[in-house]
Amino acid sequence: MYKNIEKQTKLQLKDQIDYQPGQVVSKTLVQNDKVSMTIFSFDKGEEISTHAAGGDAIVTVLEGTGSFTVGGEVFSVNEGETLIMPKDIPHAVCGEEKFKMQLTVSF
């Protein structure tokens, strides 16, 4: 079920993905018909444009601060904070600074 990550070991998710200049980097940890779990790193100024997900999404910032626009409302989410983005509601993500996040979508 889990992939791209060491099992039966204690780890920090933020250490499992690196920053790349001028890029958004993603690493899928789980992908099936019920759930998707992915970690991301955003370089400063990088973004994922407005889109909608086919399931409820929960994001936790692992490092830094991310800017999330959900249904037209902007949220600044800091390290350790979590935001829920409801199914079918348009949202976008921007790295106002370098940051890392974990995204879980349940279908």
# chains A, B, ... in the order shown; residues from 1 in each chain; ligands from 1
>>> select_by_dssp(residues="chain A", states="helix (DSSP H, G or I)", output="PyMOL selection string")
chain A and resi 13-16
>>> residues_around(residues="Phe40 in chain A", least_positions_apart="3", cutoff="10 Å", atoms="only C-alpha atoms", output="list in words")
Leu13, Lys14, Gln16, Ile17, Asp18, Tyr19, Val24, Val25, Ser26, Lys27, Thr28, Val61, Leu62, Phe99, Lys100, Met101, Gln102 and Leu103 of chain A
>>> closest_residue(among="A:Ile89, A:Ala57, A:Met37, A:Cys94", to="Phe75 in chain A", atoms="only C-alpha atoms")
A:Cys94
>>> select_by_dssp(residues="chain A", states="strand (DSSP E)", output="ChimeraX atom specification")
/A:24-31,35-42,47-51,56-63,65-70,73-78,82-85,91-94,99-106
>>> write_last_selection(atoms="C-alpha atoms", output="mmCIF file, in the first residue's frame")
data_model
loop_
_atom_site.group_PDB
_atom_site.id
_atom_site.type_symbol
_atom_site.label_atom_id
_atom_site.label_comp_id
_atom_site.auth_asym_id
_atom_site.auth_seq_id
_atom_site.Cartn_x
_atom_site.Cartn_y
_atom_site.Cartn_z
ATOM 1 C CA VAL A 24 7.055 22.091 -7.138
ATOM 2 C CA VAL A 25 8.232 18.566 -6.293
ATOM 3 C CA SER A 26 5.862 15.754 -5.308
ATOM 4 C CA LYS A 27 6.339 12.254 -3.962
ATOM 5 C CA THR A 28 3.386 9.864 -3.824
ATOM 6 C CA LEU A 29 3.225 7.683 -0.708
ATOM 7 C CA VAL A 30 -0.204 6.038 -1.219
ATOM 8 C CA GLN A 31 -2.458 5.887 -4.282
ATOM 9 C CA VAL A 35 -7.089 7.474 -0.669
ATOM 10 C CA SER A 36 -4.142 9.374 -2.059
ATOM 11 C CA MET A 37 -1.272 10.628 0.130
ATOM 12 C CA THR A 38 1.444 12.827 -1.345
ATOM 13 C CA ILE A 39 4.159 15.052 0.069
ATOM 14 C CA PHE A 40 5.177 18.222 -1.757
ATOM 15 C CA SER A 41 7.923 20.820 -1.650
ATOM 16 C CA PHE A 42 7.372 24.281 -3.142
ATOM 17 C CA GLU A 47 2.278 27.326 -7.301
ATOM 18 C CA ILE A 48 -0.348 24.803 -8.289
ATOM 19 C CA SER A 49 -3.084 26.668 -10.159
ATOM 20 C CA THR A 50 -6.772 26.516 -9.310
ATOM 21 C CA HIS A 51 -8.325 23.072 -9.582
ATOM 22 C CA ASP A 56 -12.107 15.776 0.468
ATOM 23 C CA ALA A 57 -8.511 16.918 0.890
ATOM 24 C CA ILE A 58 -6.615 17.558 4.112
ATOM 25 C CA VAL A 59 -3.266 19.314 3.992
ATOM 26 C CA THR A 60 -0.731 19.671 6.804
ATOM 27 C CA VAL A 61 2.213 22.020 6.405
ATOM 28 C CA LEU A 62 5.410 20.190 7.377
ATOM 29 C CA GLU A 63 7.830 23.127 7.050
ATOM 30 C CA THR A 65 4.220 28.579 5.363
ATOM 31 C CA GLY A 66 1.935 28.008 2.392
ATOM 32 C CA SER A 67 -0.799 30.151 0.919
ATOM 33 C CA PHE A 68 -4.004 28.292 0.017
ATOM 34 C CA THR A 69 -6.989 29.758 -1.809
ATOM 35 C CA VAL A 70 -10.109 27.667 -1.191
ATOM 36 C CA GLU A 73 -10.883 32.579 0.519
ATOM 37 C CA VAL A 74 -7.128 32.830 1.216
ATOM 38 C CA PHE A 75 -5.541 30.933 4.113
ATOM 39 C CA SER A 76 -1.951 31.263 5.297
ATOM 40 C CA VAL A 77 -1.068 27.864 6.798
ATOM 41 C CA ASN A 78 2.029 27.544 8.977
ATOM 42 C CA THR A 82 -3.836 21.715 8.904
ATOM 43 C CA LEU A 83 -6.468 22.861 6.411
ATOM 44 C CA ILE A 84 -9.375 20.874 4.972
ATOM 45 C CA MET A 85 -10.390 21.538 1.378
ATOM 46 C CA HIS A 91 -8.493 25.597 -4.634
ATOM 47 C CA ALA A 92 -4.931 26.679 -5.402
ATOM 48 C CA VAL A 93 -1.606 26.518 -3.524
ATOM 49 C CA CYS A 94 1.269 29.004 -3.589
ATOM 50 C CA PHE A 99 7.489 25.171 2.197
ATOM 51 C CA LYS A 100 6.627 21.473 2.410
ATOM 52 C CA MET A 101 3.233 19.861 2.912
ATOM 53 C CA GLN A 102 1.481 16.525 3.192
ATOM 54 C CA LEU A 103 -1.723 16.121 1.188
ATOM 55 C CA THR A 104 -4.248 13.349 1.812
ATOM 56 C CA VAL A 105 -7.338 13.034 -0.382
ATOM 57 C CA SER A 106 -10.102 10.592 0.548
#
